[in-house]
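Here the structure comes first, spelled out in structure tokens, and everything after it is commentary.
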Amino acid sequence: MEIWIARHAEPDYEHDSITEKGEREAEMLAQRLAKQDFAAVYCSPMGRAQKTASYTLDRIKMKPTVYDWLHEFRGNVILDGETTHCWDRYPQYWTEIDDYYSYDKWLDVDLMQSDSVPSRYEEVCTGIDELLAMHGYVHNGRLFDVVKPNKDKILLFCHFGVEAAILSHIFNISPMPLWHNFVALPTSVTRIVSEERVEGKASFRCMYFGDVSHLYAGNEEPSFAARFCEVFTDDTRH
């Protein structure tokens with residue numbers, strides 16, 4: 001089977017929607033995705049994801065199933081009395097802690113235990129496991145039991161933070177390097193495909209991550225959203 005993950009278009013965070021540029025991006029994404037035959041579409045409940053999805057859904061004449069766990073990742077930490085997102089830590093902090101690079105240990109770091117990260121991560125893990133089981137692939141340790149082998153394509157409209165959490169669970173890797181060293185730009189597409197080299201057992205392989213070729217094909221410059229400045233003296237976004 002194939003899992004396609006599309007991030008929402010350039011966000012208008014104030015109104016939980018997308019910008020005028022985001023609307024152009026969403027249309028180009030729809031043109032790309034409409035060429036595929038999806039067995040099912042799933043979507044975050046947030047406005048920016050649903051608005052982005054609407055362009056594709058209008059073309060393919062499908063209705064999505066909305067899952068709350070596809071919401072932008074809501075795991076928070078408490079630092080110096082302030083509640084903040086767990087997925088935005090300064091490099092000089094998190095890179096010094098070896099446990100952050102371990103799938104089995106990253107959640108045990110004191111900061112990650114300070115608020116809702118464990119419960120929210122479990123929510124995402126349970127959600128994607130139940131979804132894949134519904135499509136015939138049951139998570140069992142670091143592999144998947146193939147209950148119903150198929151070549152179905154499913155499409156998820158969501159957010160970068162939760163996308164990284166999903167991929168970390170499927171691939172058994174810590175989400176910290178994904179959150180901090182990778183980026184899925186607005187309307188980017190990630191595609192992972194099952195591989196059954198031994199009958200009844202499957203793993204997933206990432207065919208591409210954060211692809212925005214549809215934007216380049218439409219002469220649309222990718223959004224800077226989700227990135228930080230390349231050099232400190234540039235005030236684009238710190």
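Convention: chains lettered A, B, ... in structure tokens order; per-chain residue numbering from 1; ligands numbered from 1 as shown.
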
For region 98-125 of chain A versus region 65-87 of chain A, which residues have an atom no more than 7 Å away, and what is each residue's nearest atom pair and distance in Å rounded to one decimal, using only C-alpha atoms, chain-then-number order, as a Markdown table?
| residue | atom | partner | partner_atom | distance |
| --- | --- | --- | --- | --- |
| A:Leu111 | CA | A:Val77 | CA | 6.2 |
| A:Met112 | CA | A:Val77 | CA | 6.1 |
| A:Ser114 | CA | A:Val77 | CA | 5.4 |
| A:Asp115 | CA | A:Val77 | CA | 5.0 |
| A:Ser116 | CA | A:Gly75 | CA | 5.1 |
| A:Val117 | CA | A:Gly75 | CA | 4.0 |
| A:Arg120 | CA | A:Gly75 | CA | 5.3 |
| A:Tyr121 | CA | A:Gly75 | CA | 7.0 |
| A:Glu123 | CA | A:Trp69 | CA | 6.3 |
| A:Val124 | CA | A:Trp69 | CA | 5.5 |

### Task
Using DSSP on the backbone, list every residue of region 19-191 of chain A that comes out as alpha helix (DSSP H), and give them as a ChimeraX atom specification.
/A:20-33,47-60,91-94,117-134,160-171,175-181

### Task
Just the residues within 12 Å of Arg59 (chain A), please, counting only C-alpha atoms, with nothing from its chain fewer than 2 positions along; format it as a PyMOL selection string.
chain A and resi 26-37+53-57+61-63

For the residues in that selection, give me N, CA, C and O atoms as a CSV table (one decimal), in the first residue's frame.
chain,number,residue,atom,x,y,z
A,26,ALA,N,-2.4,25.4,-3.3
A,26,ALA,CA,-3.4,24.3,-3.1
A,26,ALA,C,-4.0,23.9,-4.4
A,26,ALA,O,-4.3,22.7,-4.6
A,27,GLU,N,-4.2,24.8,-5.4
A,27,GLU,CA,-4.7,24.5,-6.7
A,27,GLU,C,-3.6,23.6,-7.4
A,27,GLU,O,-4.0,22.6,-8.1
A,28,MET,N,-2.4,24.0,-7.3
A,28,MET,CA,-1.3,23.2,-8.0
A,28,MET,C,-1.2,21.8,-7.4
A,28,MET,O,-1.0,20.8,-8.1
A,29,LEU,N,-1.3,21.8,-6.1
A,29,LEU,CA,-1.3,20.4,-5.4
A,29,LEU,C,-2.5,19.6,-5.9
A,29,LEU,O,-2.3,18.4,-6.2
A,30,ALA,N,-3.6,20.2,-6.0
A,30,ALA,CA,-4.8,19.5,-6.5
A,30,ALA,C,-4.6,18.9,-7.9
A,30,ALA,O,-5.0,17.8,-8.2
A,31,GLN,N,-4.0,19.7,-8.8
A,31,GLN,CA,-3.8,19.2,-10.1
A,31,GLN,C,-2.9,18.0,-10.1
A,31,GLN,O,-3.0,17.1,-10.9
A,32,ARG,N,-1.9,18.0,-9.2
A,32,ARG,CA,-1.0,16.8,-9.1
A,32,ARG,C,-1.7,15.6,-8.5
A,32,ARG,O,-1.7,14.5,-9.0
A,33,LEU,N,-2.4,15.8,-7.4
A,33,LEU,CA,-3.0,14.7,-6.7
A,33,LEU,C,-4.2,14.1,-7.4
A,33,LEU,O,-4.5,12.9,-7.3
A,34,ALA,N,-4.9,14.9,-8.2
A,34,ALA,CA,-6.1,14.4,-9.0
A,34,ALA,C,-5.7,13.3,-10.0
A,34,ALA,O,-6.6,12.6,-10.5
A,35,LYS,N,-4.4,13.2,-10.3
A,35,LYS,CA,-4.0,12.2,-11.3
A,35,LYS,C,-3.9,10.8,-10.7
A,35,LYS,O,-3.7,9.8,-11.4
A,36,GLN,N,-4.0,10.8,-9.3
A,36,GLN,CA,-3.9,9.5,-8.6
A,36,GLN,C,-5.3,8.9,-8.3
A,36,GLN,O,-6.3,9.7,-8.2
A,37,ASP,N,-5.3,7.6,-8.0
A,37,ASP,CA,-6.5,6.9,-7.7
A,37,ASP,C,-6.4,6.6,-6.2
A,37,ASP,O,-5.8,5.5,-5.9
A,53,ALA,N,-7.2,20.8,1.5
A,53,ALA,CA,-7.8,19.6,1.0
A,53,ALA,C,-9.0,19.8,0.0
A,53,ALA,O,-9.2,19.0,-0.9
A,54,SER,N,-9.7,20.9,0.3
A,54,SER,CA,-10.9,21.1,-0.5
A,54,SER,C,-10.7,21.2,-2.0
A,54,SER,O,-11.5,20.8,-2.8
A,55,TYR,N,-9.5,21.8,-2.4
A,55,TYR,CA,-9.2,21.9,-3.8
A,55,TYR,C,-9.0,20.5,-4.4
A,55,TYR,O,-9.5,20.3,-5.6
A,56,THR,N,-8.4,19.6,-3.8
A,56,THR,CA,-8.2,18.3,-4.3
A,56,THR,C,-9.5,17.5,-4.3
A,56,THR,O,-9.9,16.8,-5.2
A,57,LEU,N,-10.2,17.6,-3.2
A,57,LEU,CA,-11.5,16.9,-3.0
A,57,LEU,C,-12.5,17.3,-4.0
A,57,LEU,O,-13.3,16.4,-4.5
A,61,LYS,N,-13.8,14.3,-6.3
A,61,LYS,CA,-15.1,13.9,-5.9
A,61,LYS,C,-15.2,12.9,-4.8
A,61,LYS,O,-15.9,11.9,-4.8
A,62,MET,N,-14.3,13.2,-3.8
A,62,MET,CA,-14.3,12.3,-2.6
A,62,MET,C,-14.5,13.2,-1.3
A,62,MET,O,-14.2,14.4,-1.3
A,63,LYS,N,-15.0,12.5,-0.3
A,63,LYS,CA,-15.2,13.2,1.0
A,63,LYS,C,-14.1,12.6,2.0
A,63,LYS,O,-13.9,11.4,2.0

### Nearest residue to Ile154 (chain A) from the set A:Glu199, A:His180, A:Arg191, A:Lys105 (distances using only C-alpha atoms)
A:Arg191

#### Entry: Residue list (strand (DSSP E), DSSP) for region 4-228 of chain A, as a VMD selection string
chain A and resid 4 to 7 11 to 12 17 to 18 40 to 43 65 to 66 76 to 79 82 to 85 137 to 140 143 to 146 153 to 158 189 to 198 201 to 211

### Message
Using Å and a single decimal, report how far CA of Val146 (chain A) sits from CA of Phe204 (chain A).
### Response
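We find that CA of Phe204 (chain A) and CA of Val146 (chain A) lie 11.8 Å from each other.
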
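Restricting the calculation to only C-alpha atoms, the smallest distance between Ser223 (chain A) and any of A:Pro91, A:Pro175, A:Gly22, A:Pro118 is found for A:Gly22.
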
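Among the candidate residues A:Val189, A:Pro177, A:Phe209, A:Ala225, the one lying nearest to Asp98 (chain A) is A:Pro177, with distances computed using only C-alpha atoms.
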
### Query
Which is closer to His135 (chain A) than all the others in A:Ser174, A:Thr95, A:Asn181, A:Ser194, using only C-alpha atoms?
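Looking at the shortest contact to His135 (chain A), the residue is A:Ser194.
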
### Message
Considering only C-alpha atoms, can you say which of A:Gly127, A:Pro186, A:Pro64, A:Pro45 comes closest to Thr19 (chain A)?
### Response
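The answer is A:Pro186, which sits nearest to Thr19 (chain A).
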
### Summary
Of A:Glu220, A:Glu230, A:Glu96, A:Glu196, the one sitting nearest Lys148 (chain A) when using only C-alpha atoms is A:Glu196

### Task
Using CA of Ile3 (chain A) and CA of Ala184 (chain A) as the two end points, give the distance in Å to one decimal.
15.4 Å

### Message
Just the number, please: distance in Å from CA of Ile5 (chain A) to CA of Leu132 (chain A), one decimal.
### Response
13.6 Å

### Close residues, Glu221 (chain A) itself excluded, 10 Å, only C-alpha atoms, min 3 positions apart in chain, as a list in words
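Listed by chain and then number, they are Lys21, Glu25, Val212, Leu215, Tyr216, Ala217, Gly218 and Phe224 of chain A.
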
### Task
Would you kindly return, as a PyMOL selection string, each protein, DNA or RNA residue with an atom no farther than 10 Å from any atom of Asp104 (chain A), considering only C-alpha atoms and excluding same-chain residues fewer than 3 positions away?
chain A and resi 99-101+107-108+172-174

Dump of N, CA, C and O atoms for the selected residues, as a PDB file, in the first residue's frame:
ATOM      1  N   ASP A  99      19.931  11.147  24.113  1.00  0.00           N
ATOM      2  CA  ASP A  99      18.667  10.414  24.144  1.00  0.00           C
ATOM      3  C   ASP A  99      17.664  10.946  23.120  1.00  0.00           C
ATOM      4  O   ASP A  99      16.764  10.211  22.691  1.00  0.00           O
ATOM      5  N   TYR A 100      17.803  12.200  22.715  1.00  0.00           N
ATOM      6  CA  TYR A 100      16.879  12.742  21.726  1.00  0.00           C
ATOM      7  C   TYR A 100      17.019  12.062  20.361  1.00  0.00           C
ATOM      8  O   TYR A 100      16.132  12.166  19.515  1.00  0.00           O
ATOM      9  N   TYR A 101      18.117  11.376  20.142  1.00  0.00           N
ATOM     10  CA  TYR A 101      18.329  10.696  18.869  1.00  0.00           C
ATOM     11  C   TYR A 101      17.836   9.243  18.903  1.00  0.00           C
ATOM     12  O   TYR A 101      17.924   8.540  17.897  1.00  0.00           O
ATOM     13  N   LEU A 107      11.478  10.223  24.643  1.00  0.00           N
ATOM     14  CA  LEU A 107      10.351  10.621  25.493  1.00  0.00           C
ATOM     15  C   LEU A 107      10.709  10.639  26.979  1.00  0.00           C
ATOM     16  O   LEU A 107       9.980  11.212  27.784  1.00  0.00           O
ATOM     17  N   ASP A 108      11.820   9.996  27.330  1.00  0.00           N
ATOM     18  CA  ASP A 108      12.204   9.927  28.736  1.00  0.00           C
ATOM     19  C   ASP A 108      12.969  11.162  29.216  1.00  0.00           C
ATOM     20  O   ASP A 108      13.201  11.312  30.416  1.00  0.00           O
ATOM     21  N   ASN A 172      10.252   3.851  13.329  1.00  0.00           N
ATOM     22  CA  ASN A 172      10.931   3.567  14.596  1.00  0.00           C
ATOM     23  C   ASN A 172      12.174   4.442  14.793  1.00  0.00           C
ATOM     24  O   ASN A 172      13.253   3.965  15.139  1.00  0.00           O
ATOM     25  N   ILE A 173      11.989   5.741  14.561  1.00  0.00           N
ATOM     26  CA  ILE A 173      13.066   6.701  14.770  1.00  0.00           C
ATOM     27  C   ILE A 173      12.525   7.860  15.603  1.00  0.00           C
ATOM     28  O   ILE A 173      11.327   8.130  15.615  1.00  0.00           O
ATOM     29  N   SER A 174      13.408   8.550  16.298  1.00  0.00           N
ATOM     30  CA  SER A 174      12.990   9.688  17.098  1.00  0.00           C
ATOM     31  C   SER A 174      12.454  10.800  16.198  1.00  0.00           C
ATOM     32  O   SER A 174      13.028  11.070  15.139  1.00  0.00           O
TER      33      SER A 174
END
